[in-house]
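Following: one structure in structure tokens, then a few remarks.
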Amino acid sequence: MRRFDLGINERLLTDLNQSQIDAVTYLKGPQIILAGAGSGKTRVLTRKLAWLVSCGGYSPWDILAVTFTNRAAAEMRSRVEEILGMSVRGMWVCTFHSACLRILRTCHIEAGLSDNFVVYDANDSLDAVKEALKSLSSRGSDALESGVKPGDIQARISMAKSRLITPETFQQQGDELYDELTEEVFSGYEACLARNNALDFDDLICRAIRLLRSNEKILQRYRGKFKYILVDEFQDTNIAQYEFVSLLCEGHKRICVVGDDDQSIYSWRGAMPGNMMDFIGRFGSLEGSQELKVSQLLENYRSTSAILQASHDVISQNLMRTKMDPLIPMRGDGEMPLHYIAASEREEAAFVTTTIDWLIREHDYCLDDFAIFYRTHAQSRGLEESFLRRGIPYRVVRGVAFYSRAEVKDIFAYLKIFVNPEDDLALKRIINVPTRKIGKTTIGKMETAAAASGLSLYSWLLAGGHVKSLPKKAVEAVSAFLEFLQFQMERSRTLPLAEFFSDFMDDLGYARQLKNSVKPEDRQRAENLDELITIVQEYSHISASIADDSHAADSSGALSSAVDYDDSLFFRTVSEGLQGFLQYVSLVSDADFLDSEMGLEPEPGIMERGSVSMMSVHSAKGLEFKAVFMIGMEEELFPHFNCMSTAEAIDEERRLCYVAMTRARDRLFLTSTVSRRIYGKKTNPSTSRFLMEIDSEHIIQEYSRALRWMQDW
DNA sequence: CACGCGGATATTTTT
DNA sequence: TATCCGCGTG
Ligand SMILES: Nc1ncnc2c1ncn2[C@@H]1O[C@H](COP(=O)(O)OP(=O)(O)OP(=O)(O)O)[C@@H](O)[C@H]1O
């Protein structure tokens, strides 16, 4: 093969067009790549990372590459290693959250954090908001009475924090987020996290920034370390994240960001697509070697032009777009997208399975080629039933749902306490799980007494507070609980993680109780707990093998040895054991494991390998599939009824639709129904406006047989 | 203090 | 349709 005659440098540039080559090889200064859907930005970023190492004179550990998901990070890392034929272990390829957590762990003392801090996920943080509301006593309960939703307050606080706003600056800077109640809860919330030794997701970024701003030495250290910074999906970064990378690249300004504002789909959680224009403004005024390079990638290599045409019809309805030339299709016409109209949800699902069957039989598709996207997770149900009936293997990306299950949260609350006993929130959660005859009144009494003595619940118990202040029935129960905690805590520190955990679950007897229950939903709960044991086992297995590995090799300076990476674990936290596990699971999600589960598990008796992927349109970002189904293309569902009140929200829904459509390589099927059950009530949805926006020449419409039959009447 | 019943309520998306 | 919450009973 001719290929092998080329040097590594030429090889890095093969199969790239001229704009891609320019983007890869420009190393002098700041750079922004405006990369339309399917234009090869992932390819460019990967090649650029390889180029930096093999031609730019950079070492892997000089580079920070920030991605949107752990999945994207793992994929990028492994592709770079594949190209270079070497490990790039020292390179930081990770999400903002992982990078910041890593910095905070490494410098926890300077950051003013105890070494056993824990990370609160969205569920925990909602509990903290409720707690803060409660501590406002009557003002809080009044608010709840009058219909204030804790989730709404949480969203405002999170949004504020993503703009680097603190309770102190909230009033001046909070803008549309501000109201008095939120301000009060905000302070209480921050105090609550501090008391519990916990950081929420937003804290990871803000606290890292605060650390860098306040500690010149550390700032210089990281500025010196990261000689080149790349950011993927820049249109979905928030203010804090932008500030984080700005701080780090301050001197050398060797920063490359890639984004596409048509694909901005996270403004609901604080993402600022305007960061793109701001970047151009901020870095565009520089001269000489620090001059800004703006690249546009317009050639779409992914989709057939029929698919692109329809997608373009949709996205062009958005008026507030950064002016960018339309995408240029690089592939042939292909099959027209099909809009299938079903009589019911059931029929919609049947269409999907039938079509998959057909494509596999007649057109050599395999299961991995298919993805089904929907706006809300609830929509996966009908599909799953249909797939189970037909025996088609599938995999559902469930987002964060697993960690929101009560029984799973319970177990994590235990684990958090073992690491960080000061966590009152967690302690209160599980003090009576499974039931130990410690009820509301007892907990209330203890809380008040502990607060009065200025102690955390756990310390107060250790000091024997309960013995003096509670009736003796309660003292017995509480003492037994405390003993159990201490016993397990001790074991959690001395035993290997997996061994400790399965023993603990056994001792707890929670799963046993659920298995013996007569309630049907407890079956699933018990299964979730089993799943948890598997997760722990897998984690400890993998992290142990990495540990072995890194003892043998690596020791490239204090900063870069703090975390090691592996294909199978997205990142390893600085912390060992249980704490490391907690930090790890708090940052990974279901979607991250997609690749590792595709192509696996060939079911006995089924010739086709792999499985069909089902996921929300949000999780679809960055992926591509040969055939894509988008189900539930109906008003109120997509666009979702919660997003129909403002033009901005509708535009984001439209971008979401565009992102989903442009995931398809060869075939795109869009389905809607004329009758659907929502919360058990019948509705008669009308076709999504997004489908109406597609020129009728660009899409084929097909009514189900049942509907055609009815139409004949 | 535990448990069961009934009624209100709702999931949009996720690092 | 399922889950959560509050209330009443044992
Ligand atoms: N120069 C090229 N020649 C041929 N194929 C290419 C080229 N560049 C990219 N591709 C192919 O185009 C497809 C899309 O590339 P990639 O995933 O990098 O796009 P992307 O810009 O990340 O997409 P999106 O922004 O929509 O997520 C991939 O299948 C990739 O292999």
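Chain labels A, B, ... are given in the sequence in which chains occur in the structure tokens; within each chain residues are numbered consecutively from 1, and ligands are likewise numbered from 1 in the order shown.
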Would you mind listing, as an mmCIF file with N, CA and C atoms, in the first residue's frame, all residues of chain A that have at least one atom within 9 Å of chain C, where only C-alpha atoms (C1' of nucleotides) are what counts?
```cif
data_model
loop_
_atom_site.group_PDB
_atom_site.id
_atom_site.type_symbol
_atom_site.label_atom_id
_atom_site.label_comp_id
_atom_site.auth_asym_id
_atom_site.auth_seq_id
_atom_site.Cartn_x
_atom_site.Cartn_y
_atom_site.Cartn_z
ATOM 1 N N ILE A 678 -51.267 10.033 26.671
ATOM 2 C CA ILE A 678 -50.300 10.760 27.487
ATOM 3 C C ILE A 678 -50.831 10.791 28.908
ATOM 4 N N TYR A 679 -50.066 10.279 29.841
ATOM 5 C CA TYR A 679 -50.520 10.122 31.214
ATOM 6 C C TYR A 679 -51.835 9.366 31.239
ATOM 7 N N GLY A 680 -51.997 8.428 30.343
ATOM 8 C CA GLY A 680 -53.209 7.638 30.346
ATOM 9 C C GLY A 680 -54.399 8.317 29.698
ATOM 10 N N LYS A 681 -54.205 9.548 29.244
ATOM 11 C CA LYS A 681 -55.323 10.225 28.567
ATOM 12 C C LYS A 681 -55.082 10.248 27.061
#
```
TODO: Check which residues fall inside 6 Å of ligand 1 when counting only C-alpha atoms (C1' of nucleotides) and all ligand atoms, and print them as a ChimeraX atom specification.
DONE: /A:15-17,35-43,301-302,622
For the residues selected in the previous step, produce a file with N, CA and C atoms as an mmCIF file, in the first residue's frame.
```cif
data_model
loop_
_atom_site.group_PDB
_atom_site.id
_atom_site.type_symbol
_atom_site.label_atom_id
_atom_site.label_comp_id
_atom_site.auth_asym_id
_atom_site.auth_seq_id
_atom_site.Cartn_x
_atom_site.Cartn_y
_atom_site.Cartn_z
ATOM 1 N N ASP A 15 -6.923 12.033 3.491
ATOM 2 C CA ASP A 15 -8.379 12.044 3.653
ATOM 3 C C ASP A 15 -8.887 13.285 4.373
ATOM 4 N N LEU A 16 -8.218 14.395 4.126
ATOM 5 C CA LEU A 16 -8.718 15.672 4.636
ATOM 6 C C LEU A 16 -8.838 16.621 3.452
ATOM 7 N N ASN A 17 -9.814 17.488 3.465
ATOM 8 C CA ASN A 17 -9.865 18.509 2.417
ATOM 9 C C ASN A 17 -9.004 19.699 2.817
ATOM 10 N N ALA A 35 -17.717 24.561 12.372
ATOM 11 C CA ALA A 35 -17.820 23.278 11.688
ATOM 12 C C ALA A 35 -19.268 22.839 11.635
ATOM 13 N N GLY A 36 -19.862 22.862 10.467
ATOM 14 C CA GLY A 36 -21.240 22.426 10.311
ATOM 15 C C GLY A 36 -21.384 20.949 10.618
ATOM 16 N N ALA A 37 -22.627 20.531 10.704
ATOM 17 C CA ALA A 37 -22.899 19.129 11.026
ATOM 18 C C ALA A 37 -22.251 18.198 10.006
ATOM 19 N N GLY A 38 -21.599 17.165 10.508
ATOM 20 C CA GLY A 38 -21.033 16.152 9.624
ATOM 21 C C GLY A 38 -19.879 16.618 8.761
ATOM 22 N N SER A 39 -19.287 17.750 9.138
ATOM 23 C CA SER A 39 -18.215 18.301 8.300
ATOM 24 C C SER A 39 -16.842 17.811 8.715
ATOM 25 N N GLY A 40 -16.800 16.937 9.675
ATOM 26 C CA GLY A 40 -15.532 16.321 10.041
ATOM 27 C C GLY A 40 -14.789 17.014 11.165
ATOM 28 N N LYS A 41 -15.503 17.660 12.055
ATOM 29 C CA LYS A 41 -14.795 18.348 13.131
ATOM 30 C C LYS A 41 -14.120 17.362 14.076
ATOM 31 N N THR A 42 -14.756 16.247 14.306
ATOM 32 C CA THR A 42 -14.136 15.251 15.161
ATOM 33 C C THR A 42 -12.842 14.754 14.517
ATOM 34 N N ARG A 43 -12.946 14.540 13.221
ATOM 35 C CA ARG A 43 -11.749 14.092 12.515
ATOM 36 C C ARG A 43 -10.656 15.147 12.608
ATOM 37 N N TYR A 301 -19.750 15.258 4.826
ATOM 38 C CA TYR A 301 -19.373 13.940 4.318
ATOM 39 C C TYR A 301 -20.280 12.845 4.852
ATOM 40 N N ARG A 302 -21.138 13.193 5.777
ATOM 41 C CA ARG A 302 -21.880 12.153 6.465
ATOM 42 C C ARG A 302 -23.142 11.729 5.725
ATOM 43 N N GLY A 622 -23.370 14.376 18.358
ATOM 44 C CA GLY A 622 -22.023 13.887 18.114
ATOM 45 C C GLY A 622 -21.952 12.484 17.549
#
```
Open item on the list: If DSSP is run on the backbone, what residues of region 68-258 of chain A are helix (DSSP H, G or I)? A reply as a ChimeraX atom specification would be ideal.
Closed with: /A:70-84,96-106,122-134,138-145,150-162,167-173,175-177,180-195,201-214,216-225,234-236,239-249
- [ ] Do me a favour and pick out the residues of chain B within 8 Å of chain A, using only C-alpha atoms (C1' of nucleotides), as a ChimeraX atom specification.
- [x] /B:1,11-15
Task: Å distance separating CA of Ile255 (chain A) from CA of Arg11 (chain A), one decimal place - done: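 Between CA of Ile255 (chain A) and CA of Arg11 (chain A) the gap works out to 23.9 Å.
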Open item on the list: I need the residue nearest Tyr414 (chain A) from this list: A:Ile21, A:Ala401, A:Ile341, A:Leu578. Use only C-alpha atoms for the distance.
Closed with: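 Comparing A:Ile21, A:Ala401, A:Ile341, A:Leu578 against Tyr414 (chain A), the winner is A:Leu578.
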Task: Residues within 9 Å of Ser469 (chain A), only C-alpha atoms (C1' of nucleotides), excluding chain neighbours under 6 positions, as a count of residues only - done: 4
TODO: Take CA of Val419 (chain A) and CA of Tyr458 (chain A) and report the distance between them in Å, one decimal.
DONE: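 According to the coordinates, CA of Val419 (chain A) and CA of Tyr458 (chain A) are separated by 12.4 Å.
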